[in-house]
Structure formats: C-alpha cells, structure tokens
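Have a look at protein-v5.tsv below; it lists TSV, C-alpha atoms.
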```
chain	number	residue	atom	x	y	z
A	14	MET	CA	-25.30	-0.24	49.18
A	15	GLU	CA	-24.19	3.34	49.78
A	16	ARG	CA	-23.45	5.28	46.63
A	17	LYS	CA	-19.80	6.22	46.13
A	18	SER	CA	-18.95	9.89	46.55
A	19	PHE	CA	-17.18	11.75	43.73
A	20	ASP	CA	-15.52	15.12	43.32
A	21	MET	CA	-14.34	17.01	40.27
A	22	ARG	CA	-10.60	16.71	39.61
A	23	PRO	CA	-8.94	19.78	41.18
A	24	SER	CA	-7.15	22.12	38.80
A	25	ARG	CA	-3.37	22.05	39.17
A	26	VAL	CA	-3.19	25.56	37.69
A	27	TRP	CA	-5.67	26.99	40.19
A	28	LYS	CA	-3.88	25.28	43.08
A	29	LYS	CA	-0.60	26.99	42.15
A	30	LEU	CA	-2.17	30.35	41.40
A	31	ARG	CA	-4.14	30.43	44.65
A	32	ALA	CA	-0.94	29.65	46.50
A	33	GLY	CA	0.68	32.72	44.93
A	34	GLU	CA	2.90	30.67	42.63
A	35	VAL	CA	3.45	30.85	38.87
A	36	ALA	CA	1.80	28.27	36.61
A	37	TYR	CA	3.57	27.22	33.41
A	38	ALA	CA	2.05	25.85	30.22
A	39	THR	CA	3.15	24.68	26.81
A	40	LYS	CA	1.28	24.49	23.51
A	41	ILE	CA	0.40	21.27	21.68
A	42	ASN	CA	-0.21	21.60	17.94
A	43	LEU	CA	0.01	17.94	16.99
A	44	ALA	CA	-3.03	15.68	17.30
A	45	ASP	CA	-1.52	12.49	18.72
A	46	PRO	CA	-2.15	12.10	22.49
A	47	ARG	CA	1.33	10.56	22.71
A	48	VAL	CA	2.70	14.07	22.24
A	49	VAL	CA	0.63	15.23	25.20
A	50	GLU	CA	1.91	12.27	27.20
A	51	ILE	CA	5.55	13.09	26.44
A	52	ALA	CA	5.03	16.74	27.36
A	53	CYS	CA	3.32	15.82	30.62
A	54	MET	CA	5.86	13.10	31.42
A	55	VAL	CA	9.08	15.05	30.95
A	56	SER	CA	8.39	18.79	31.10
A	57	GLY	CA	7.00	19.32	34.58
A	58	MET	CA	4.46	21.77	33.12
A	59	ASP	CA	1.29	22.54	35.06
A	60	CYS	CA	-0.78	22.81	31.90
A	61	VAL	CA	-0.68	21.83	28.26
A	62	TRP	CA	-3.00	23.48	25.81
A	63	ALA	CA	-4.42	22.50	22.46
A	64	ASP	CA	-5.76	24.76	19.77
A	65	MET	CA	-9.11	24.63	17.99
A	66	GLU	CA	-8.79	28.13	16.56
A	67	HIS	CA	-5.94	27.47	14.13
A	68	VAL	CA	-5.35	23.69	14.30
A	69	PRO	CA	-7.73	21.19	12.61
A	70	ASN	CA	-8.38	19.15	15.76
A	71	ASP	CA	-11.72	17.39	16.18
A	72	TRP	CA	-13.54	16.67	19.42
A	73	SER	CA	-12.42	13.02	19.57
A	74	THR	CA	-8.80	14.15	19.37
A	75	ILE	CA	-9.34	16.74	22.09
A	76	GLU	CA	-11.06	14.20	24.34
A	77	ARG	CA	-8.12	11.79	24.10
A	78	GLN	CA	-5.63	14.56	24.78
A	79	ILE	CA	-7.55	15.68	27.87
A	80	MET	CA	-7.68	12.11	29.18
A	81	THR	CA	-3.93	11.75	28.64
A	82	ALA	CA	-3.09	14.97	30.50
A	83	LYS	CA	-5.35	14.01	33.40
A	84	ALA	CA	-3.51	10.70	33.76
A	85	TYR	CA	-0.42	12.75	34.71
A	86	ASP	CA	-2.37	15.22	36.87
A	87	VAL	CA	-1.65	17.99	34.36
A	88	ASP	CA	-4.33	20.50	33.38
A	89	MET	CA	-5.46	20.67	29.77
A	90	MET	CA	-6.61	24.01	28.39
A	91	ILE	CA	-8.34	24.31	25.03
A	92	ARG	CA	-8.23	27.41	22.87
A	93	VAL	CA	-11.72	27.39	21.43
A	94	SER	CA	-12.95	28.50	18.05
A	95	ARG	CA	-15.37	31.42	18.17
A	96	GLY	CA	-18.91	30.41	17.33
A	97	SER	CA	-21.86	29.09	19.29
A	98	TYR	CA	-21.93	28.70	23.06
A	99	SER	CA	-21.25	24.97	22.55
A	100	GLU	CA	-17.71	25.78	21.45
A	101	LEU	CA	-17.14	27.31	24.88
A	102	ILE	CA	-18.62	24.59	27.06
A	103	LYS	CA	-17.75	21.35	25.22
A	104	PRO	CA	-14.08	21.41	26.32
A	105	LEU	CA	-15.21	21.94	29.92
A	106	GLU	CA	-17.66	19.03	29.67
A	107	LEU	CA	-14.83	16.85	28.34
A	108	ASP	CA	-13.07	17.84	31.60
A	109	ALA	CA	-10.58	20.35	30.29
A	110	ALA	CA	-9.40	22.46	33.22
A	111	GLY	CA	-9.85	25.67	31.27
A	112	ILE	CA	-10.60	27.38	28.00
A	113	LEU	CA	-8.69	30.11	26.18
A	114	VAL	CA	-11.00	32.40	24.21
A	115	PRO	CA	-9.34	34.28	21.33
A	116	HIS	CA	-9.93	37.82	20.11
A	117	VAL	CA	-12.11	39.24	22.87
A	118	MET	CA	-13.00	42.61	21.43
A	119	ASN	CA	-14.95	44.51	24.10
A	120	ALA	CA	-16.66	44.34	27.48
A	121	ASP	CA	-19.92	42.98	26.04
A	122	ASP	CA	-17.99	40.14	24.42
A	123	ALA	CA	-16.28	39.34	27.74
A	124	ARG	CA	-19.56	39.57	29.63
A	125	GLN	CA	-21.18	37.02	27.32
A	126	ILE	CA	-18.24	34.61	27.71
A	127	ALA	CA	-18.41	34.81	31.50
A	128	HIS	CA	-22.20	34.38	31.38
A	129	LEU	CA	-21.89	31.20	29.31
A	130	THR	CA	-18.93	29.59	31.09
A	131	LYS	CA	-19.85	30.10	34.75
A	132	PHE	CA	-22.80	28.55	36.55
A	133	HIS	CA	-25.20	30.30	38.93
A	134	PRO	CA	-24.76	32.56	40.83
A	135	ILE	CA	-22.11	34.04	38.51
A	136	GLY	CA	-23.55	33.16	35.11
A	137	ARG	CA	-25.90	30.86	33.26
A	138	ARG	CA	-23.66	28.21	31.75
A	139	PRO	CA	-25.88	25.54	30.16
A	140	ILE	CA	-25.94	22.53	32.48
A	141	ASP	CA	-25.79	18.84	31.69
A	142	GLY	CA	-23.66	16.93	34.22
A	143	GLY	CA	-23.63	13.69	32.25
A	144	ASN	CA	-20.11	14.08	30.89
A	145	ALA	CA	-16.59	13.59	32.23
A	146	ASP	CA	-16.53	16.84	34.22
A	147	GLY	CA	-19.70	15.86	36.09
A	148	LYS	CA	-18.43	12.31	36.65
A	149	TYR	CA	-21.18	11.07	34.31
A	150	THR	CA	-24.00	12.22	36.67
A	151	ASN	CA	-22.15	11.01	39.77
A	152	LEU	CA	-21.78	14.60	40.97
A	153	GLY	CA	-24.95	16.11	42.35
A	154	MET	CA	-26.16	19.22	40.61
A	155	ALA	CA	-25.26	21.66	43.39
A	156	ASP	CA	-21.79	20.14	43.90
A	157	TYR	CA	-21.19	20.01	40.15
A	158	MET	CA	-21.99	23.68	39.65
A	159	ALA	CA	-20.03	24.86	42.69
A	160	GLN	CA	-16.96	22.77	41.90
A	161	ALA	CA	-16.99	23.82	38.23
A	162	ASN	CA	-17.06	27.49	39.24
A	163	GLU	CA	-14.22	26.85	41.69
A	164	GLN	CA	-11.96	24.45	39.76
A	165	ARG	CA	-12.39	25.41	36.10
A	166	PHE	CA	-11.17	28.63	34.51
A	167	ASN	CA	-11.76	30.84	31.52
A	168	MET	CA	-8.93	32.87	30.05
A	169	LEU	CA	-9.77	35.72	27.69
A	170	GLN	CA	-7.24	36.76	25.05
A	171	ILE	CA	-6.50	40.42	24.49
A	172	GLU	CA	-4.71	40.32	21.15
A	173	ASP	CA	-6.16	43.30	19.30
A	174	PRO	CA	-6.07	47.08	19.85
A	175	GLU	CA	-9.89	47.33	19.76
A	176	PRO	CA	-10.51	46.24	23.39
A	177	LEU	CA	-7.93	48.62	24.91
A	178	ASP	CA	-10.58	51.20	25.84
A	179	ASP	CA	-12.56	48.46	27.63
A	180	LEU	CA	-9.65	46.82	29.49
A	181	VAL	CA	-10.79	47.94	32.94
A	182	ALA	CA	-14.34	46.74	32.31
A	183	ILE	CA	-13.13	43.41	30.90
A	184	ILE	CA	-10.61	42.61	33.63
A	185	SER	CA	-12.81	43.71	36.53
A	186	LEU	CA	-15.80	41.71	35.25
A	187	PRO	CA	-17.14	39.05	37.67
A	188	GLY	CA	-16.76	35.61	36.12
A	189	VAL	CA	-13.58	36.43	34.19
A	190	ASP	CA	-10.73	34.42	35.71
A	191	ALA	CA	-7.70	35.37	33.63
A	192	VAL	CA	-6.65	37.65	30.79
A	193	PHE	CA	-4.03	36.46	28.30
A	194	PHE	CA	-2.04	39.06	26.38
A	195	GLY	CA	-1.26	37.81	22.87
A	196	PRO	CA	1.48	39.98	21.34
A	197	GLY	CA	1.47	38.29	17.91
A	198	ASP	CA	-1.90	39.38	16.56
A	199	PHE	CA	-1.69	42.53	18.63
A	200	SER	CA	1.48	43.57	16.78
A	201	GLN	CA	-0.32	43.01	13.48
A	202	GLY	CA	-3.35	44.94	14.68
A	203	ILE	CA	-1.28	48.03	15.47
A	204	GLY	CA	0.54	47.85	12.13
A	205	ALA	CA	3.85	46.68	13.59
A	206	PRO	CA	3.95	42.91	12.98
A	207	GLY	CA	6.72	41.20	14.93
A	208	GLU	CA	8.04	44.38	16.54
A	209	TRP	CA	8.01	42.96	20.07
A	210	ASN	CA	9.53	46.08	21.64
A	211	HIS	CA	7.03	48.45	20.07
A	212	PRO	CA	6.02	51.02	22.73
A	213	LEU	CA	2.31	50.08	22.59
A	214	ILE	CA	3.09	46.38	23.04
A	215	VAL	CA	5.34	47.12	26.02
A	216	GLU	CA	2.74	49.48	27.50
A	217	THR	CA	-0.19	47.08	26.99
A	218	ARG	CA	1.67	44.12	28.43
A	219	LYS	CA	2.37	46.08	31.61
A	220	ARG	CA	-1.10	47.61	31.77
A	221	ILE	CA	-2.79	44.19	31.63
A	222	ALA	CA	-0.59	42.89	34.46
A	223	ASP	CA	-1.26	45.99	36.59
A	224	LEU	CA	-5.03	45.78	36.08
A	225	ALA	CA	-5.08	42.05	36.79
A	226	ILE	CA	-3.29	42.59	40.10
A	227	LYS	CA	-5.60	45.49	41.00
A	228	HIS	CA	-8.77	43.50	40.34
A	229	GLY	CA	-7.62	40.13	41.71
A	230	LYS	CA	-7.43	38.40	38.34
A	231	ILE	CA	-4.71	36.31	36.69
A	232	ALA	CA	-2.41	37.92	34.12
A	233	ALA	CA	-1.29	35.43	31.48
A	234	THR	CA	0.89	35.64	28.40
A	235	VAL	CA	3.39	33.85	26.21
A	236	GLY	CA	7.04	34.00	27.21
A	237	GLY	CA	10.38	32.26	27.17
A	238	VAL	CA	13.18	31.30	29.51
A	239	GLY	CA	14.96	34.55	28.66
A	240	ASN	CA	12.20	36.90	29.85
A	241	LEU	CA	10.60	34.89	32.66
A	242	GLU	CA	11.99	37.09	35.43
A	243	GLU	CA	10.74	40.21	33.68
A	244	LEU	CA	7.23	38.81	33.18
A	245	VAL	CA	6.93	37.46	36.71
A	246	GLY	CA	8.25	40.73	38.09
A	247	MET	CA	5.59	42.53	36.09
A	248	GLY	CA	2.87	40.41	37.68
A	249	TYR	CA	2.25	37.62	35.17
A	250	ARG	CA	1.34	34.36	36.89
A	251	PHE	CA	0.43	32.08	33.96
A	252	ILE	CA	3.10	31.84	31.27
A	253	SER	CA	3.01	29.67	28.15
A	254	ILE	CA	6.44	28.56	26.95
A	255	GLY	CA	7.23	26.76	23.70
A	256	ALA	CA	5.32	24.27	21.59
A	257	ASP	CA	5.69	20.72	20.36
A	258	VAL	CA	6.31	21.83	16.76
A	259	ILE	CA	9.07	24.20	17.88
A	260	GLY	CA	10.73	21.34	19.73
A	261	LEU	CA	10.61	19.08	16.69
A	262	ASN	CA	12.01	21.80	14.45
A	263	ASP	CA	14.84	22.51	16.87
A	264	TYR	CA	15.68	18.81	17.16
A	265	TYR	CA	15.72	18.10	13.43
A	266	ASN	CA	17.60	21.29	12.57
A	267	HIS	CA	20.28	20.43	15.12
A	268	PHE	CA	20.37	16.78	14.05
A	269	PHE	CA	20.67	17.44	10.33
A	270	ASN	CA	23.18	20.26	10.76
A	271	GLU	CA	25.41	17.85	12.65
A	272	LEU	CA	24.78	15.14	10.07
A	273	SER	CA	25.63	17.48	7.19
A	274	GLY	CA	28.93	18.41	8.81
A	275	LYS	CA	29.89	14.78	9.39
A	276	GLN	CA	28.76	13.79	5.89
A	277	GLU	CA	31.00	16.43	4.35
A	278	ALA	CA	33.98	15.09	6.28
A	279	LEU	CA	33.10	11.50	5.31
A	280	ASN	CA	32.83	12.42	1.65
A	281	LYS	CA	36.30	13.96	1.75
A	282	SER	CA	37.62	10.81	3.40
A	283	ILE	CA	35.92	8.45	0.95
A	284	TYR	CA	36.23	10.42	-2.26
A	285	GLY	CA	39.33	12.46	-1.57
A	286	GLY	CA	37.36	15.66	-1.63
A	287	LYS	CA	36.05	15.02	-5.16
A	288	ALA	CA	32.45	14.19	-4.21
```

Could you show the structure in this file as structure tokens?
Amino acid sequence: MERKSFDMRPSRVWKKLRAGEVAYATKINLADPRVVEIACMVSGMDCVWADMEHVPNDWSTIERQIMTAKAYDVDMMIRVSRGSYSELIKPLELDAAGILVPHVMNADDARQIAHLTKFHPIGRRPIDGGNADGKYTNLGMADYMAQANEQRFNMLQIEDPEPLDDLVAIISLPGVDAVFFGPGDFSQGIGAPGEWNHPLIVETRKRIADLAIKHGKIAATVGGVGNLEELVGMGYRFISIGADVIGLNDYYNHFFNELSGKQEALNKSIYGGKA
C-alpha cells in the first residue's frame, strides 16, 4: 500500500504577511485550553500566544493549547524562557507556528537564535522530526526542514536600550523573521517606566518599523484599537492586541459596578434608605 503523503500545517500568520496584509494576535495568560478555544472561536485573530517567560505554564499545558489553536486553524506562538537551545525548539516541535524570544540584547544574541531555530541552509537547528511538527516522522527529512524554514517563524523582542546600536545588524540578519518592539520593559530600561510618549520610545518604534521594511522583515509590536492606523501606517504588520486576563477584568469590573448600583437602589427600596 502506498504511504500517505503529509505536509506541515501552513502558518496563517505567514500567509497573511506574505500577501501584504496585517496579522493580529492576542495574548493568553491562563492555562486552560478552553480559553484558547474561546479566543480562537470568537475573536477572528490570526494568532494567539502563550507565555513561558512570566507565566508558570508547563509543556503539557502548552501542547494542549497548541492543539486547540490548530483545531481552529489559528497559529499559536510561544514566548519562550531564555535558557538552553531546547527552550527555543520545543515549542516548534510541538507544532507552534512561531516563537517570541524576549530580551534580545545584541547581534550575537540574535545570530545564535537564528542559528538554532532555522534548519540548513540558514542555520543548524537540532533535528528530530518525530514530533507533531514533523507529523511524527511522516514528513521526510528534506521536506520537514524546508517546510519548517518556510512555515515557522521566530520573532525577536527588542525591549531594552542595549541592542539599539546593533539594530541594523539584528534586523538585517539572515534567519531572523520578525522583530517585536516591547515598549513596557523598554520604558523601564530608559528610566521612564510607563511614559509611552517618551521621545526615545517614539523614535525606536518608528526606527524598528523603518529598518524592517528596508530589510524585508516583519515589524511587530503591541497595540490597541485606538492606535492601529498609526502602527499600520508606520509599517507594523504583526500587532498583538489585548489579553484574556484583561478581558476578564473588564467584564467583572463592568458587571460588579452595575450590580453595586442596582444593589444600592434595592437597599433603599427594601430598607427605606436605612441599610
């Protein structure tokens, strides 16, 4: 019997970006894959991303979240913790569409990330092929490596002032797919925490977009509905909006504010204003 042919699941993010469109993402802090399912089901996002830098997720949790996103043809990106090379490649082997690497500090750091996350002829990512991304050995080695280089992405976070002198070298580096400007830690690093309109933040945000366009890379950042037009006009093509925990907070704040107002009126009705 002829062996069935398999291909790696195409990245929804890459499909949109290569068509010149904007890809949108949202952050998932909570561990339950049901949260991922709700986000994928109702939001229309191209990508959801989970965090292993700040959030105490384990690999079993991440695997279930990736499977859930794939069921809705939504990309899953994992922000990795910095450590061994395994932290970089495990999400990809679980079939995450991409990884987000925090606190890239210089060109050598970026070069090592590209080297470890891209296969030959770009880099020397360690190869296995026996996991979900390789269809459990059902993708031949050459196809597996080529499709991984084509359909999976790395995204390097610039969120500190230290790499500013190396921005050209980082963004122009072969094997780097996207650069994500993180204004939160960047504002802290320049001694202006939370000052989103600080001149260096404004300048760096624009500079990253300009360099990404010049070198054929993807500019990514965090944004909101209010500044989408500005970011897209600047050249950003991957924008992360909101998070599950923000949504829950907004819902419960709204719900309990309404409840408090009604309860006050009910108390006056029941107790004649003496409650």

Select from segment 29-131 of chain A every residue with an atom at most 7 Å from any atom of segment 251-258 of chain A, then for each give the shortest pair of atoms and their distance in Å to one decimal, using only C-alpha atoms, rows by chain and rising number, as a tab-separated table.
```
residue	atom	partner	partner_atom	distance
A:Val35	CA	A:Phe251	CA	5.9
A:Ala36	CA	A:Phe251	CA	4.8
A:Tyr37	CA	A:Ile252	CA	5.1
A:Ala38	CA	A:Ser253	CA	4.4
A:Thr39	CA	A:Ile254	CA	5.1
A:Lys40	CA	A:Ala256	CA	4.5
A:Ile41	CA	A:Asp257	CA	5.5
A:Asn42	CA	A:Asp257	CA	6.4
```

Per-residue nearest contacts of segment 25-75 of chain A to segment 154-164 of chain A (9 Å; all atoms listed in the file) as a Markdown table:
```
| residue | atom | partner | partner_atom | distance |
| --- | --- | --- | --- | --- |
| A:Arg25 | CA | A:Gln164 | CA | 8.9 |
| A:Trp27 | CA | A:Gln164 | CA | 6.8 |
| A:Lys28 | CA | A:Gln164 | CA | 8.8 |
```

Would you list the contacts of Thr234 of chain A as a VMD selection string, taking every protein, DNA or RNA residue within 10 Å and counting all atoms listed in the file, but skipping same-chain residues closer than 5 positions in sequence?
chain A and resid 170 to 171 192 to 196 218 221 to 222 244 249 to 254

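Note that atom CA of Trp72 of chain A and atom CA of Pro134 of chain A are 28.9 Å apart.
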
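Proximity to Pro187 of chain A was assessed for A:Asn151, A:Gln201, A:Gln125, A:Thr81 counting all atoms listed in the file; the smallest distance is recorded for A:Gln125.
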
Atom CA of Pro174 of chain A to atom CA of Phe199 of chain A: how many Å, to one decimal?
6.4 Å

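In this model, the gap between atom CA of Val49 of chain A and atom CA of Ala145 of chain A comes to 18.7 Å.
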
6 Å contact set for Asn167 of chain A, all atoms listed in the file, chain neighbours under 6 positions out, as a PyMOL selection string:
chain A and resi 111-112+190

Which residues are near Val117 of chain A? Cut-off 9 Å, all atoms listed in the file, ignore same chain within fewer than 4 positions. Put them as a PyMOL selection string.
chain A and resi 122-123+169-173+175-176

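Minimum distance to Gly248 of chain A across A:Lys281, A:Gly33, A:Tyr264, A:Ser24 (counting only C-alpha atoms) occurs at A:Gly33.
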